[in-house]
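final-v5.cif (mmCIF, C-alpha atoms)
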data_my_file
#
loop_
_atom_site.group_PDB
_atom_site.id
_atom_site.type_symbol
_atom_site.label_atom_id
_atom_site.label_comp_id
_atom_site.auth_asym_id
_atom_site.auth_seq_id
_atom_site.Cartn_x
_atom_site.Cartn_y
_atom_site.Cartn_z
ATOM 1 C CA MET A 30 44.510 9.995 -66.749
ATOM 2 C CA PRO A 31 46.949 8.068 -68.915
ATOM 3 C CA LEU A 32 47.450 9.412 -72.400
ATOM 4 C CA LEU A 33 46.912 5.890 -73.668
ATOM 5 C CA PHE A 34 43.146 6.067 -73.110
ATOM 6 C CA PRO A 35 42.366 8.562 -75.878
ATOM 7 C CA LEU A 36 45.081 7.196 -78.135
ATOM 8 C CA VAL A 37 43.830 3.618 -77.972
ATOM 9 C CA VAL A 38 40.220 4.733 -78.451
ATOM 10 C CA ALA A 39 41.310 6.740 -81.492
ATOM 11 C CA ALA A 40 43.270 3.804 -82.922
ATOM 12 C CA LEU A 41 40.305 1.462 -82.531
ATOM 13 C CA LEU A 42 37.957 3.999 -84.098
ATOM 14 C CA PHE A 43 40.314 4.400 -87.029
ATOM 15 C CA ALA A 44 40.460 0.637 -87.564
ATOM 16 C CA ILE A 45 36.658 0.429 -87.457
ATOM 17 C CA GLY A 46 36.488 3.227 -89.994
ATOM 18 C CA VAL A 47 38.894 1.353 -92.267
ATOM 19 C CA TYR A 48 36.630 -1.671 -92.092
ATOM 20 C CA GLY A 49 33.614 0.508 -92.848
ATOM 21 C CA VAL A 50 35.240 1.978 -95.939
ATOM 22 C CA LEU A 51 36.532 -1.325 -97.268
ATOM 23 C CA GLY A 52 33.720 -3.643 -96.319
ATOM 24 C CA ARG A 53 30.474 -1.782 -96.970
ATOM 25 C CA ARG A 54 28.740 -1.651 -100.320
ATOM 26 C CA ASN A 55 26.371 1.272 -99.922
ATOM 27 C CA ALA A 56 28.214 4.478 -100.782
ATOM 28 C CA VAL A 57 26.599 6.416 -97.925
ATOM 29 C CA LEU A 58 27.896 3.815 -95.477
ATOM 30 C CA VAL A 59 31.355 4.201 -96.996
ATOM 31 C CA LEU A 60 31.129 7.923 -96.246
ATOM 32 C CA MET A 61 30.197 7.066 -92.660
ATOM 33 C CA GLY A 62 33.417 5.063 -92.420
ATOM 34 C CA VAL A 63 35.357 8.104 -93.618
ATOM 35 C CA GLU A 64 33.672 10.173 -90.908
ATOM 36 C CA LEU A 65 34.733 7.644 -88.284
ATOM 37 C CA MET A 66 38.345 7.870 -89.422
ATOM 38 C CA LEU A 67 38.294 11.676 -89.352
ATOM 39 C CA ASN A 68 36.872 11.586 -85.837
ATOM 40 C CA ALA A 69 39.646 9.285 -84.699
ATOM 41 C CA VAL A 70 42.175 11.800 -85.984
ATOM 42 C CA ASN A 71 40.327 14.593 -84.170
ATOM 43 C CA LEU A 72 40.499 12.710 -80.892
ATOM 44 C CA ASN A 73 44.246 12.294 -81.371
ATOM 45 C CA LEU A 74 44.657 16.009 -82.022
ATOM 46 C CA VAL A 75 42.706 17.027 -78.928
ATOM 47 C CA ALA A 76 44.537 14.489 -76.761
ATOM 48 C CA PHE A 77 47.955 15.715 -77.849
ATOM 49 C CA ASP A 78 46.873 19.313 -77.403
ATOM 50 C CA ALA A 79 46.007 18.533 -73.790
ATOM 51 C CA TYR A 80 49.171 16.455 -73.334
ATOM 52 C CA LEU A 81 51.610 19.005 -74.701
ATOM 53 C CA ARG A 82 49.774 21.980 -73.149
ATOM 54 C CA ASP A 83 50.071 23.901 -76.368
ATOM 55 C CA VAL A 84 49.909 27.603 -75.656
ATOM 56 C CA LEU A 85 48.789 28.312 -79.221
ATOM 57 C CA HIS A 86 46.108 25.568 -79.017
ATOM 58 C CA GLY A 87 47.246 24.179 -82.331
ATOM 59 C CA GLY A 88 45.622 20.813 -81.827
ATOM 60 C CA GLN A 89 42.195 22.132 -80.972
ATOM 61 C CA VAL A 90 42.254 24.736 -83.744
ATOM 62 C CA LEU A 91 43.286 22.068 -86.222
ATOM 63 C CA THR A 92 40.432 19.929 -84.936
ATOM 64 C CA LEU A 93 38.003 22.714 -85.750
ATOM 65 C CA TYR A 94 39.487 22.967 -89.237
ATOM 66 C CA VAL A 95 39.238 19.214 -89.750
ATOM 67 C CA ILE A 96 35.580 19.342 -88.694
ATOM 68 C CA ALA A 97 34.930 22.068 -91.266
ATOM 69 C CA VAL A 98 36.786 20.157 -93.974
ATOM 70 C CA ALA A 99 34.811 17.025 -93.079
ATOM 71 C CA ALA A 100 31.557 18.952 -93.439
ATOM 72 C CA ALA A 101 32.638 20.178 -96.874
ATOM 73 C CA GLU A 102 33.752 16.673 -97.830
ATOM 74 C CA VAL A 103 30.517 15.041 -96.817
ATOM 75 C CA GLY A 104 28.450 17.657 -98.642
ATOM 76 C CA LEU A 105 30.382 17.183 -101.844
ATOM 77 C CA GLY A 106 30.484 13.404 -101.446
ATOM 78 C CA LEU A 107 26.748 13.157 -100.986
ATOM 79 C CA ALA A 108 26.205 15.318 -104.067
ATOM 80 C CA ILE A 109 28.358 12.852 -106.020
ATOM 81 C CA VAL A 110 26.420 9.932 -104.528
ATOM 82 C CA LEU A 111 23.140 11.499 -105.649
ATOM 83 C CA VAL A 112 24.503 12.023 -109.168
ATOM 84 C CA VAL A 113 25.561 8.367 -109.268
ATOM 85 C CA PHE A 114 22.129 7.318 -108.064
ATOM 86 C CA ARG A 115 20.473 9.407 -110.749
ATOM 87 C CA GLY A 116 22.637 7.848 -113.428
ATOM 88 C CA HIS A 117 22.749 4.244 -112.324
ATOM 89 C CA GLY A 118 19.727 3.666 -110.131
ATOM 90 C CA HIS A 119 21.839 2.278 -107.330
ATOM 91 C CA ILE A 120 24.748 3.335 -105.137
ATOM 92 C CA ASP A 121 26.283 -0.081 -104.766
ATOM 93 C CA ALA A 122 30.038 0.367 -104.739
ATOM 94 C CA ASP A 123 30.643 -3.157 -106.027
ATOM 95 C CA ARG A 124 28.596 -2.579 -109.153
ATOM 96 C CA MET A 125 30.127 0.736 -110.197
ATOM 97 C CA ARG A 126 32.267 -0.591 -113.002
ATOM 98 C CA ASP A 127 32.386 2.403 -115.296
ATOM 99 C CA LEU A 128 36.130 2.761 -114.990
ATOM 100 C CA ALA A 129 36.968 -0.934 -115.050
ATOM 101 C CA ASP A 130 38.959 -2.823 -117.666
ATOM 102 C CA ARG A 131 37.310 -3.660 -120.960
ATOM 103 C CA ASP A 132 36.751 -7.302 -120.015
ATOM 104 C CA ALA A 133 35.320 -6.421 -116.672
ATOM 105 C CA VAL A 134 32.970 -3.933 -118.285
ATOM 106 C CA ASP A 135 31.773 -6.570 -120.710
ATOM 107 C CA ASP A 136 31.224 -8.966 -117.845
ATOM 108 C CA ALA A 137 29.245 -6.375 -115.960
ATOM 109 C CA ILE A 138 27.076 -5.634 -118.988
ATOM 110 C CA ALA A 139 26.525 -9.353 -119.500
ATOM 111 C CA ALA A 140 25.605 -9.715 -115.871
ATOM 112 C CA GLU A 141 23.149 -6.829 -116.141
ATOM 113 C CA SER A 142 21.438 -8.282 -119.216
ATOM 114 C CA ALA A 143 21.364 -11.751 -117.689
ATOM 115 C CA GLY A 144 19.848 -10.332 -114.568
ATOM 116 C CA GLU A 145 17.179 -8.508 -116.565
ATOM 117 C CA SER A 146 16.196 -11.348 -118.880
ATOM 118 C CA ALA A 147 16.007 -14.095 -116.310
ATOM 119 C CA ALA A 148 15.785 -14.086 -112.586
ATOM 120 C CA PRO A 149 18.923 -12.611 -111.063
ATOM 121 C CA SER A 150 20.615 -15.941 -110.681
ATOM 122 C CA ARG A 151 24.306 -16.372 -111.098
ATOM 123 C CA SER A 152 24.088 -18.902 -113.896
ATOM 124 C CA GLY A 153 25.044 -16.676 -116.797
ATOM 125 C CA VAL A 154 28.307 -15.331 -115.513
ATOM 126 C CA ALA A 155 29.255 -17.994 -113.061
ATOM 127 C CA GLY A 156 33.002 -17.711 -113.360
ATOM 128 C CA ALA A 157 33.233 -14.140 -114.463
ATOM 129 C CA ASP A 158 32.496 -12.172 -111.352
ATOM 130 C CA PRO A 159 32.955 -13.580 -107.892
ATOM 131 C CA GLU A 160 30.301 -11.352 -106.375
ATOM 132 C CA PRO A 161 27.743 -10.473 -109.041
ATOM 133 C CA VAL A 162 24.472 -8.679 -108.840
ATOM 134 C CA ALA A 163 23.136 -8.810 -105.353
ATOM 135 C CA VAL A 164 20.225 -6.543 -104.865
ATOM 136 C CA THR A 165 20.875 -4.047 -102.150
ATOM 137 C CA ALA A 166 19.546 -0.576 -102.301
ATOM 138 C CA ALA A 167 16.740 0.664 -104.402
ATOM 139 C CA VAL A 168 16.831 -1.141 -107.701
ATOM 140 C CA GLU A 169 13.176 -0.765 -108.385
ATOM 141 C CA SER A 170 13.692 2.004 -110.884
ATOM 142 C CA MET B 5 42.015 5.814 -61.096
ATOM 143 C CA SER B 6 40.511 9.233 -61.192
ATOM 144 C CA VAL B 7 36.931 10.037 -61.941
ATOM 145 C CA VAL B 8 37.931 11.648 -65.221
ATOM 146 C CA GLY B 9 39.738 8.489 -66.266
ATOM 147 C CA LEU B 10 36.746 6.325 -65.460
ATOM 148 C CA LEU B 11 34.385 8.621 -67.319
ATOM 149 C CA PHE B 12 36.728 8.667 -70.271
ATOM 150 C CA LEU B 13 36.850 4.881 -70.339
ATOM 151 C CA LEU B 14 33.057 4.827 -70.302
ATOM 152 C CA MET B 15 32.775 7.343 -73.136
ATOM 153 C CA GLY B 16 35.488 5.619 -75.142
ATOM 154 C CA ALA B 17 33.836 2.230 -74.766
ATOM 155 C CA MET B 18 30.551 3.756 -75.847
ATOM 156 C CA ALA B 19 32.171 5.374 -78.877
ATOM 157 C CA VAL B 20 33.956 2.200 -79.968
ATOM 158 C CA GLY B 21 30.938 -0.024 -79.401
ATOM 159 C CA SER B 22 28.547 2.185 -81.307
ATOM 160 C CA ALA B 23 31.125 2.606 -84.075
ATOM 161 C CA LEU B 24 31.225 -1.178 -84.391
ATOM 162 C CA LEU B 25 27.442 -1.132 -84.706
ATOM 163 C CA VAL B 26 27.702 1.601 -87.369
ATOM 164 C CA VAL B 27 29.775 -0.629 -89.611
ATOM 165 C CA THR B 28 27.992 -3.900 -88.871
ATOM 166 C CA THR B 29 24.285 -3.186 -88.539
ATOM 167 C CA ALA B 30 21.991 -4.478 -91.245
ATOM 168 C CA ARG B 31 19.704 -1.457 -91.339
ATOM 169 C CA LEU B 32 20.839 1.657 -93.140
ATOM 170 C CA VAL B 33 19.019 4.184 -90.988
ATOM 171 C CA HIS B 34 20.152 2.520 -87.784
ATOM 172 C CA SER B 35 23.697 2.928 -89.005
ATOM 173 C CA ALA B 36 23.246 6.701 -89.217
ATOM 174 C CA LEU B 37 21.602 6.757 -85.789
ATOM 175 C CA TRP B 38 24.417 4.776 -84.193
ATOM 176 C CA LEU B 39 26.775 7.297 -85.753
ATOM 177 C CA VAL B 40 24.996 9.933 -83.648
ATOM 178 C CA VAL B 41 25.842 7.929 -80.516
ATOM 179 C CA THR B 42 29.472 7.624 -81.587
ATOM 180 C CA LEU B 43 29.837 11.334 -82.273
ATOM 181 C CA GLY B 44 28.091 12.271 -79.034
ATOM 182 C CA ALA B 45 30.375 10.010 -77.035
ATOM 183 C CA LEU B 46 33.356 11.584 -78.774
ATOM 184 C CA ALA B 47 32.059 15.006 -77.797
ATOM 185 C CA GLY B 48 32.016 13.751 -74.221
ATOM 186 C CA CYS B 49 35.641 12.656 -74.663
ATOM 187 C CA TYR B 50 36.538 16.157 -75.851
ATOM 188 C CA LEU B 51 34.842 17.653 -72.818
ATOM 189 C CA LEU B 52 36.799 15.377 -70.514
ATOM 190 C CA LEU B 53 40.023 16.385 -72.239
ATOM 191 C CA GLY B 54 39.251 20.040 -71.599
ATOM 192 C CA ALA B 55 38.335 20.951 -75.152
ATOM 193 C CA GLU B 56 35.006 22.495 -74.376
ATOM 194 C CA PHE B 57 34.507 24.576 -77.501
ATOM 195 C CA VAL B 58 35.503 21.694 -79.772
ATOM 196 C CA ALA B 59 32.925 19.508 -78.047
ATOM 197 C CA TRP B 60 30.105 21.951 -78.755
ATOM 198 C CA VAL B 61 31.258 22.409 -82.328
ATOM 199 C CA GLN B 62 31.281 18.638 -82.681
ATOM 200 C CA ILE B 63 27.690 18.457 -81.450
ATOM 201 C CA LEU B 64 26.565 21.333 -83.655
ATOM 202 C CA ILE B 65 28.269 20.380 -86.896
ATOM 203 C CA TYR B 66 28.560 16.605 -86.795
ATOM 204 C CA VAL B 67 25.389 15.607 -85.001
ATOM 205 C CA GLY B 68 23.405 18.575 -86.217
ATOM 206 C CA ALA B 69 24.509 18.849 -89.813
ATOM 207 C CA VAL B 70 26.518 15.913 -91.086
ATOM 208 C CA VAL B 71 24.249 13.166 -89.777
ATOM 209 C CA VAL B 72 21.177 15.005 -91.030
ATOM 210 C CA LEU B 73 22.876 15.264 -94.417
ATOM 211 C CA LEU B 74 23.597 11.538 -94.366
ATOM 212 C CA LEU B 75 19.969 10.802 -93.472
ATOM 213 C CA PHE B 76 18.827 13.027 -96.336
ATOM 214 C CA ALA B 77 21.110 11.131 -98.694
ATOM 215 C CA LEU B 78 19.687 7.822 -97.488
ATOM 216 C CA MET B 79 16.200 9.174 -98.061
ATOM 217 C CA LEU B 80 16.960 10.542 -101.510
ATOM 218 C CA THR B 81 18.561 7.282 -102.624
ATOM 219 C CA ARG B 82 15.375 5.491 -101.556
ATOM 220 C CA ALA B 83 17.083 3.370 -98.969
ATOM 221 C CA PRO B 84 14.774 0.763 -97.506
ATOM 222 C CA THR B 85 14.315 0.844 -93.768
ATOM 223 C CA GLY B 86 14.094 -2.866 -93.083
ATOM 224 C CA VAL B 87 16.784 -5.419 -92.481
ATOM 225 C CA GLN B 88 18.926 -5.857 -95.537
ATOM 226 C CA THR B 89 21.269 -8.564 -96.617
ATOM 227 C CA GLY B 90 24.229 -7.879 -98.803
ATOM 228 C CA LEU B 91 25.282 -4.606 -97.259
ATOM 229 C CA THR B 92 28.849 -5.844 -96.986
ATOM 230 C CA THR B 93 31.043 -6.779 -99.881
ATOM 231 C CA GLY B 94 32.186 -10.270 -100.638
ATOM 232 C CA ASN B 95 35.719 -9.497 -99.580
ATOM 233 C CA ARG B 96 34.734 -8.376 -96.113
ATOM 234 C CA VAL B 97 37.099 -10.938 -94.649
ATOM 235 C CA VAL B 98 39.975 -9.127 -96.300
ATOM 236 C CA ALA B 99 38.543 -5.815 -95.125
ATOM 237 C CA ALA B 100 38.258 -7.071 -91.555
ATOM 238 C CA ALA B 101 41.797 -8.449 -91.690
ATOM 239 C CA THR B 102 43.113 -5.135 -92.991
ATOM 240 C CA ALA B 103 41.267 -3.227 -90.289
ATOM 241 C CA GLY B 104 42.576 -5.620 -87.654
ATOM 242 C CA VAL B 105 46.146 -5.174 -88.831
ATOM 243 C CA VAL B 106 45.727 -1.393 -88.901
ATOM 244 C CA GLY B 107 44.312 -1.380 -85.389
ATOM 245 C CA LEU B 108 47.012 -3.696 -84.103
ATOM 246 C CA VAL B 109 49.826 -1.621 -85.594
ATOM 247 C CA LEU B 110 48.376 1.654 -84.309
ATOM 248 C CA VAL B 111 47.775 0.325 -80.776
ATOM 249 C CA THR B 112 51.258 -1.167 -80.691
ATOM 250 C CA VAL B 113 52.808 2.100 -81.818
ATOM 251 C CA VAL B 114 50.969 4.256 -79.295
ATOM 252 C CA VAL B 115 51.634 1.822 -76.458
ATOM 253 C CA ALA B 116 55.328 1.693 -77.329
ATOM 254 C CA GLY B 117 55.580 5.430 -77.782
ATOM 255 C CA PHE B 118 53.407 6.850 -75.013
ATOM 256 C CA GLY B 119 53.101 3.979 -72.567
ATOM 257 C CA GLY B 120 53.695 5.889 -69.369
ATOM 258 C CA ALA B 121 52.639 9.362 -70.404
ATOM 259 C CA ARG B 122 49.909 11.031 -68.407
ATOM 260 C CA VAL B 123 47.735 13.914 -69.386
ATOM 261 C CA SER B 124 46.524 16.202 -66.661
ATOM 262 C CA VAL B 125 43.189 17.792 -67.298
ATOM 263 C CA ASP B 126 42.631 19.375 -63.946
ATOM 264 C CA GLU B 127 43.263 22.967 -64.919
ATOM 265 C CA GLU B 128 40.117 24.576 -66.076
ATOM 266 C CA SER B 129 39.010 26.046 -69.366
ATOM 267 C CA VAL B 130 42.008 25.290 -71.516
ATOM 268 C CA GLY B 131 39.667 25.092 -74.473
ATOM 269 C CA SER B 132 36.977 27.602 -73.665
ATOM 270 C CA ALA B 133 35.458 29.738 -76.365
ATOM 271 C CA THR B 134 37.505 32.729 -75.250
ATOM 272 C CA SER B 135 40.855 31.025 -75.548
ATOM 273 C CA MET B 136 39.876 29.314 -78.795
ATOM 274 C CA GLY B 137 38.787 32.582 -80.361
ATOM 275 C CA ASP B 138 42.009 34.128 -79.173
ATOM 276 C CA ALA B 139 44.046 31.332 -80.738
ATOM 277 C CA ILE B 140 42.152 31.315 -84.039
ATOM 278 C CA PHE B 141 42.044 35.032 -84.670
ATOM 279 C CA ARG B 142 45.452 35.850 -83.240
ATOM 280 C CA HIS B 143 47.657 33.032 -84.514
ATOM 281 C CA TRP B 144 45.764 30.876 -86.977
ATOM 282 C CA VAL B 145 43.823 33.414 -88.991
ATOM 283 C CA LEU B 146 45.356 32.607 -92.376
ATOM 284 C CA PRO B 147 44.209 28.953 -92.425
ATOM 285 C CA PHE B 148 40.834 30.199 -91.250
ATOM 286 C CA GLU B 149 40.530 32.387 -94.343
ATOM 287 C CA VAL B 150 41.759 29.598 -96.600
ATOM 288 C CA LEU B 151 39.144 27.342 -95.051
ATOM 289 C CA SER B 152 36.390 29.805 -95.870
ATOM 290 C CA VAL B 153 37.457 29.736 -99.526
ATOM 291 C CA LEU B 154 37.452 25.938 -99.415
ATOM 292 C CA LEU B 155 33.948 25.883 -97.990
ATOM 293 C CA LEU B 156 32.763 28.246 -100.702
ATOM 294 C CA ALA B 157 34.305 26.034 -103.383
ATOM 295 C CA ALA B 158 32.689 22.929 -101.900
ATOM 296 C CA LEU B 159 29.337 24.693 -101.750
ATOM 297 C CA VAL B 160 29.533 25.777 -105.378
ATOM 298 C CA GLY B 161 30.670 22.297 -106.391
ATOM 299 C CA ALA B 162 27.791 20.620 -104.578
ATOM 300 C CA ILE B 163 25.276 22.974 -106.197
ATOM 301 C CA VAL B 164 26.716 22.427 -109.665
ATOM 302 C CA LEU B 165 26.760 18.660 -109.198
ATOM 303 C CA SER B 166 23.252 18.377 -107.879
ATOM 304 C CA ARG B 167 21.430 20.650 -110.301
ATOM 305 C CA GLY B 168 22.209 18.294 -113.178
ATOM 306 C CA ARG B 169 23.146 18.964 -116.739
ATOM 307 C CA ALA B 170 21.411 21.920 -118.317
ATOM 308 C CA SER B 171 21.898 20.484 -121.806
ATOM 309 C CA SER B 172 19.917 17.331 -121.131
ATOM 310 C CA GLY B 173 16.696 19.271 -121.044
ATOM 311 C CA GLU B 174 15.896 18.160 -117.555
ATOM 312 C CA GLU B 175 14.371 21.058 -115.779
ATOM 313 C CA THR B 176 15.589 21.736 -112.312
ATOM 314 C CA PRO B 177 13.112 22.374 -109.557
#

How would this structure read if it were set down as structure tokens?
Amino acid sequence: MPLLFPLVVAALLFAIGVYGVLGRRNAVLVLMGVELMLNAVNLNLVAFDAYLRDVLHGGQVLTLYVIAVAAAEVGLGLAIVLVVFRGHGHIDADRMRDLADRDAVDDAIAAESAGESAAPSRSGVAGADPEPVAVTAAVES
Amino acid sequence: MSVVGLLFLLMGAMAVGSALLVVTTARLVHSALWLVVTLGALAGCYLLLGAEFVAWVQILIYVGAVVVLLLFALMLTRAPTGVQTGLTTGNRVVAAATAGVVGLVLVTVVVAGFGGARVSVDEESVGSATSMGDAIFRHWVLPFEVLSVLLLAALVGAIVLSRGRASSGEETP
């Protein structure tokens, strides 16, 4: 079997994971993208372990460690996601503007109040935010 | 082409296809379920590469624990089960372009670097539980211990984060 098979599969999985992290709004889906990237790295490690015939099995042992670290990461990340949900009522990554610039924060607050007073149309902050409040997950709080 | 190569191509195509569905489907729960398919196909890839123990650990931890944790998080954040619009950001074109460039660069690098290399997986049990236990507890025992401390720290951190602030008066169940 050519070594290129696992390497190309791993590269494609990593690229898909990059798209998942950058392009999804729900924070849980972002974590799924991170898992895809970690799995691509694991496939690389196992493939090179088999290719180099490592007598210490460094690649496979490191794969086990990466799996354990990924489990710890996803547990901690989901705890953070739940804290964010408790505080904000949503886990939309585009609307988490707590650490933004002052102007951006003001725009977000204006967008929130405009969305609460009227229907969530984009009239109030038309030029301020290119992608304002779009209802995704669980805003019925 | 050998049988192992054909099976690996099948598993790899399954993994990549279901991973594409993970990042593009419009239903949140389906995304987690397609992730199960991806991780299972990757476990098959590990088996074909001779890493038997890693494959079972992948099934146990990823499919058994991580996906269940993700489903619990979707449930606790009151994720709707129907088709949803707006699951992708407005700059998804930039995200797709970035992912495409990353994939192109990585594929180019591995093709240029390991174009003619072959991996032989005919010898048996290179990654059996016996040899893996030997390797971990004979040569790699120090990172194993460090990892246990890391897991403990992550566990304590998750508990502290999810029980909330004690000063806010909110009683924890």

Residues of chain A were defined as contacting chain B if any atom lay at most 6 Å from it, counting only C-alpha atoms; please report them as a list in words. Met30, Pro31, Leu32, Val37, Val38, Ala40, Leu41, Ala44, Val47, Tyr48, Gly49, Leu51, Gly52, Arg53, Arg54, Tyr80, Leu85, Ala101, Leu105, Ala108, Ala166 and Ala167 of chain A

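Comparing the minimum interatomic distances between Leu64 in chain B and each of B:Ala116, B:Val87, B:Val40, B:Met79, counting only C-alpha atoms, we find that B:Val40 sits nearest.
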
Kindly give the distance, in Å, that separates CA of Phe43 in chain A and CA of Ile120 in chain A, rounded to a single decimal. 23.9 Å

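Computed from the coordinates, the CA of Asn71 in chain A to CA of Asp121 in chain A distance equals 28.9 Å.
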
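What separates CA of Asn55 in chain A from CA of Ala122 in chain A is a distance of 6.1 Å.
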